[in-house]
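Asker: Before I ask anything, here is the structure I am working with.
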Amino acid sequence: MRRVHDLKIGVSGIRGVIGEFLTPALVCDFAQAFGTYVGGGPVVVGRDTRPSGPMMQHAVCCGLLAAGCEVIDVGVLPTPTIQVFTASTGAGGGIAITASHNPAQYNALKFFNHEGVFFNQYERSELIDIYHQSDFRQAGNAGIQGIRCDPETPVLRHFERVLACVDTDAIRQRRFRVALDGVNGAGSLVSVDFLSRRLQCDLRAMWVDPSQPFPREAEPKPEVLGELAGLVRREQCDIGFAQDPDGDRLAVCDETGRVLDNDDVLALVVDAVLARTPGDAVVNLTTSASIEEIASRRGRKVYRTPVGEANVVDKMLAVGAAIGGEGSNGGIIVPAVHYCRDSYAGMAFILDRLAATGVKLSELAAHLPRYFRRSGKSMFEHGRLGPLMQQLEQAFPGAAPDRTDGLKLSWRGKWIHLRASNTEPLVRFTAEAGSEQEVEQLFGRVKELVG
Amino acid sequence: MANSLRISHVGLRGVVGRGLTASHVLQFASAFGSFLPTDGPVVVGRDPRSSGAMIEQGVLAGLMACGHECVRLGIVSTPVIQHAIRRMNAAGGISIGASHNAAEWNALKFLGRGGSYLSTAEAGELLDIYHLQKFDYAPWNGLGSLRDEAGALDTYLDELAEVYDFDRIRHFRAVVDCCNGTSSLVLRRLNQRFGLGLVLINARLDGKAFAHEPATNARTVAQQLAPLVAPIGADGGFVFDADSDRIGAATELGEPISEEMILPLLADHVLPTSRGKLVITNLSTTSLADEVASRHGGRVIRAPVGRQAAMDALAAYDPGQVAIAGEGNGGIMLAQFRFVYDGIAAMLGILTFMAERRDRLSSIIASYPRYSMFKEQVPVRSKRIPALLAGLEDRYSDGVATVTDGLRIDWPGRWFHVRVSQTEPVVRVICEQRGEEPRELFDDLMGRVRSIA
């Protein structure tokens with residue numbers, strides 16, 4: 001059996017390697033299915049900077065026009081910008097053409113409803129049914145609309161909303177020296193505008209040319225951000241930011257050149273948002289327990305969900321949360337801006353916190369609850385996850401089990417979580433504890449079991 | 001709806017949304033992208049139909065996915081696309097437009113190197129790739145790019161200006177019915193740049209509805225164009241289909257000119273000065289063409305009906321031998337324009353001919369001997385066709401039979417042609433006689449056809 005899937009069509013949409021696998025015909029059909037689902041209203045279409053973007057966009061426009069949708073082409077823009085615009089422009093839905101943090105040979109479609117929010121699982125399964133039935137809305141010549149270009153308004157709307165959430169004047173007055181690694185992605189140009197013009201930072205930007213290939217691994221993991229750390233140290237910056245190709249994920253580097261881990265970045269933003277906004281927090285099961293401590297300092301609650309942006313957003317909508325996110329992947333969701341992962345909201349709130357407290361980022365990070373984490377992965381084999389979960393539960397009899405997404409076992413001050421990946425044939429496992437020694441011990445036992 | 005999609009050697013054609021869908025467009029564009037070599041760009045243009053916007057997107061996606069650099073001309077006439085392909089030394093091109101069909105139709109026309117339509121062998125290969133559904137998609141870092149090109153129209157006009165002396169025809173006033181198609185763009189620019197006196201009607205590009213069926217036959221000319229010519233004192237009237245490859249005409253008196261007359265008229269114009277002396281046409285076109293050709297030492301070659309047969313016939317001769325090619329439907333290809341169907345070049349040829357002859361269009365038309373033609377069509381079950389043709393050949397065995405496309409029987413001064421339509425389950429019956437109407441022959445023929453079919 002083939003274990004590495006170069007094309008995946010499923011409830012999360014369509015994603016694959018360009019060439020033999022993700023073909024323009026498939027993309028066009030999927031777009032027409034989406035146009036059918038939204039009933040032929042206007043649809044916002046934008047993309048990131050990967051080389052297959054223009055080809056994919058023509059295929060998407062073809063499918064949408066064939067379904068009788070008007071296309072609002074916003075060009076190359078970050079995914080959150082596309083989502084905010086979809087919600088504010090009366091469109092029937094939106095499509096972002098991006099494989100997000102996946103390597104450049106991949107591309108994918110992200111689907112948004114008229115509120116600019118990721119399709120929930122019910123909407124997604126309806127869409128895939130339409131796709132499989134090929135029962136598309138077919139507009140005749142009289143019903144076919146055109147393509148309208150609007151690359152400017154989405155950026156204005158998005159940044160307006162972000163800046164309204166923070167003390168913009170205080171940030172501007174500090175004239176922060178900021179390093180930026182734009183990975184030559186969709187954020188490249190607008191991030192420069194956001195930081196240097198809107199927030200009047202003294203910007204030192206690298207890799208902000210959308211015509212160039214991705215210069216590093218697309219996912220902004222600490223181990224691939226050495227160049228950013230070097231830039232921060234060399235230019236004596238107050239802070240460094242790194243984005244993924246579609247600008248939804250954020251990584252942060254402190255003034256000493258140390259790249260913070262994703263859970264710490266989320267913890268900083270949760271603290272910054274809760275400092276300004278009433279409401280609770282929603283994070284996934286794999287996110288650090290530090291979030292609970294930070295929230296309880298301010299008398300707030302934390303809700304936990306299965307891994308996946310849509311799951312977090314669904315819960316946030318249900319409880320009216322002030323902030324949400326996933327420590328595991330650098331996703332920060334600030335509903336005052338929009339119900340989407342948004343690196344711009346993340347940047348604004350961290351700068352806001354630096355301006356409000358007047359301390360350095362390394363000091364802010366030092367005040368975070370100190371937890372240690374280890375993560376691992378193993379090939380997924382059919383029929384193995386269930387027995388593994390049972391063995392794990394037997395091996396740790398004193399823990400409180402949670403089976404909403406794989407198995408999470410929690411004790412006071414420590415936890416382990418074992419689950420199947422949503423996107424790859426992998427089993428992922430994470431352990432967290434209050435000391436390095438304790439986490440090594442926990443992680444070692446899990447790893448031994450998983451093999 | 002019957003026959004709302006047709007996939008054949010001449011490409012892909014259908015009613016958008018009912019027969020012709022986005023899926024077909026992507027698959028066909030991918031097949032063409034796999035068929036074409038990647039040396040040189042691929043040129044894409046379209047007529048103003050709204051569905052053209054959708055089809056253009058699909059065509060670009062398929063071609064770019066196969067690694068082709070695309071040059072997009074936007075809304076232009078088919079001849080502009082064809083000349084651009086040649087000038088840019090492009091690998092080929094696609095013209096999106098259903099020319100003389102109603103607005104709800106659309107089509108893809110595939111063009112090879114040099115801008116000519118694909119030969120039958122090439123078109124067959126393209127169809128095989130399409131049916132096999134195995135496309136040569138490029139890897140993620142080898143995809144094609146897109147460039148918009150706005151100057152193709154002016155370069156095309158420069159080429160027209162090299163062949164035609166606009167000083168000689170500037171004084172003419174002609175009414176042109178653009179039928180909301182691409183000819184309005186070309187003609188407006190012709191007026192602007194060269195000061196021609198063309199009065200345009202139905203000149204607004206319209207993607208949803210045309211002022212009338214975009215056909216170029218005498219019936220269409222009679223509807224809106226012909227009644228306007230005399231009242232405004234014009235020297236003639238012309239009509240073009242949506243992508244400007246065909247032409248229809250009316251005299252200065254407001255009489256529609258039969259679509260059969262366009263080829264003889266232009267053959268009469270080009271043959272005296274042309275090096276090539278052959279006139280290529282189809283088996284259904286008027287014999288006046290033969291009479292005109294022989295006056296100038298020329299000769300008519302007759303091919304089966306249809307664009308594909310015309311292309312193959314052209315390919316069988318050295319281009320230097322051929323003066324003109326065309327059909328009795330207003331589709332004309334001139335040697336000076338490298339045998340591209342071009343209604344506007346044909347119009348300039350007619351105006352130049354009028355200037356040379358220093359005569360009115362009505363007098364020129366009246367100077368030709370009279371030929372009378374009847375055309376009719378009869379529904380037929382496909383199974384009965386062989387018996388029908390054999391029966392007719394037997395019945396009219398005193399004439400000279402040609403069986404390359406249905407059956408044509410020739411006698412001195414008259415002929416008939418019975419052939420099966422490529423687009424509908426009907427037989428077309430055409431009968432022509434020099435001078436008087438061939439009423440007796442036609443009635444007899446129709447009686448036979450009806451009894452056997």
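Each chain in the structure tokens gets a letter, A, B and so on, in the order shown; residues start at 1 in every chain, and ligands are counted from 1 in the order they appear.
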Residues of chain B within 10 Å of chain A, counting only C-alpha atoms - could you list those as a PyMOL selection string?
Answerer: chain B and resi 15-30+49-67+103-106+134-146+207-209
Asker: Select from region 8-102 of chain B everything DSSP, run on the backbone, classes as strand (DSSP E or B), then give the selection as a list in words.
Answerer: Ser8, Gly11, Leu12, Arg13, Gly14, Val15, Val16, Leu20, Val42, Val43, Val44, Gly45, Arg46, Cys70, Val71, Arg72, Leu73, Gly74, Ile75, Gly92, Gly93, Ile94, Ser95 and Ile96 of chain B
Asker: Counting only C-alpha atoms, what is within 10 Å of Pro412 (chain B), bar same-chain residues fewer than 6 positions away, as number ranges by chain?
Answerer: B: 399-400, 433-434
Asker: What does the file look like for those residues with N, CA and C atoms, as a short mmCIF file (atom, residue, chain, number, x, y, z; two decimals), in the first residue's frame?
Answerer:
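Once everything was written out, this is part11.cif:
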data_model
loop_
_atom_site.label_atom_id
_atom_site.label_comp_id
_atom_site.auth_asym_id
_atom_site.auth_seq_id
_atom_site.Cartn_x
_atom_site.Cartn_y
_atom_site.Cartn_z
N GLY B 399 -25.21 11.93 -65.67
CA GLY B 399 -24.27 13.00 -65.33
C GLY B 399 -22.94 12.44 -64.86
N VAL B 400 -22.01 13.37 -64.56
CA VAL B 400 -20.69 12.96 -64.05
C VAL B 400 -20.74 12.98 -62.53
N GLN B 433 -28.08 25.97 -61.57
CA GLN B 433 -28.13 25.98 -63.02
C GLN B 433 -27.73 27.37 -63.53
N ARG B 434 -26.97 27.36 -64.62
CA ARG B 434 -26.63 28.65 -65.23
C ARG B 434 -27.88 29.17 -65.90
#
Asker: Which neighbours of Ala99 (chain A) fall inside 8 Å, counting only C-alpha atoms, when residues of the same chain fewer than 3 positions from it are skipped, and could you give them as a PyMOL selection string?
Answerer: chain A and resi 15+102-103+106-109
Asker: Generate the output file for the selected residues, C-alpha atoms, as a PDB file, in the first residue's frame.
Answerer:
ATOM      1  CA  ARG A  15      -4.310  19.339  -1.634  1.00  0.00           C
ATOM      2  CA  ASN A 102       3.613  22.789   2.945  1.00  0.00           C
ATOM      3  CA  PRO A 103       6.618  22.761   0.587  1.00  0.00           C
ATOM      4  CA  TYR A 106       2.302  21.401  -3.078  1.00  0.00           C
ATOM      5  CA  ASN A 107      -0.746  23.520  -3.561  1.00  0.00           C
ATOM      6  CA  ALA A 108      -4.258  23.392  -2.156  1.00  0.00           C
ATOM      7  CA  LEU A 109      -7.595  25.166  -1.907  1.00  0.00           C
TER       8      LEU A 109
END
Asker: What does the structure give for the distance between CA of Lys221 (chain A) and CA of Phe176 (chain A), in Å to one decimal?
Answerer: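 So the two atoms, CA of Lys221 (chain A) and CA of Phe176 (chain A), lie 23.6 Å apart.
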Asker: Need the shell around Leu314 (chain B): protein/DNA/RNA residues with any atom at most 10 Å away, counting only C-alpha atoms. Skip same-chain ones fewer than 3 positions apart. Format as a list of chain:residue names?
Answerer: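 Contacts, with the query itself left out: B:Ser119, B:Val279, B:Ile280, B:Thr281, B:Ile301, B:Ala303, B:Gln308, B:Ala309, B:Ala310, B:Met311, B:Tyr317, B:Asp318, B:Pro319, B:Gln321, B:Val322, B:Ile324, B:Ala325, B:Phe339.
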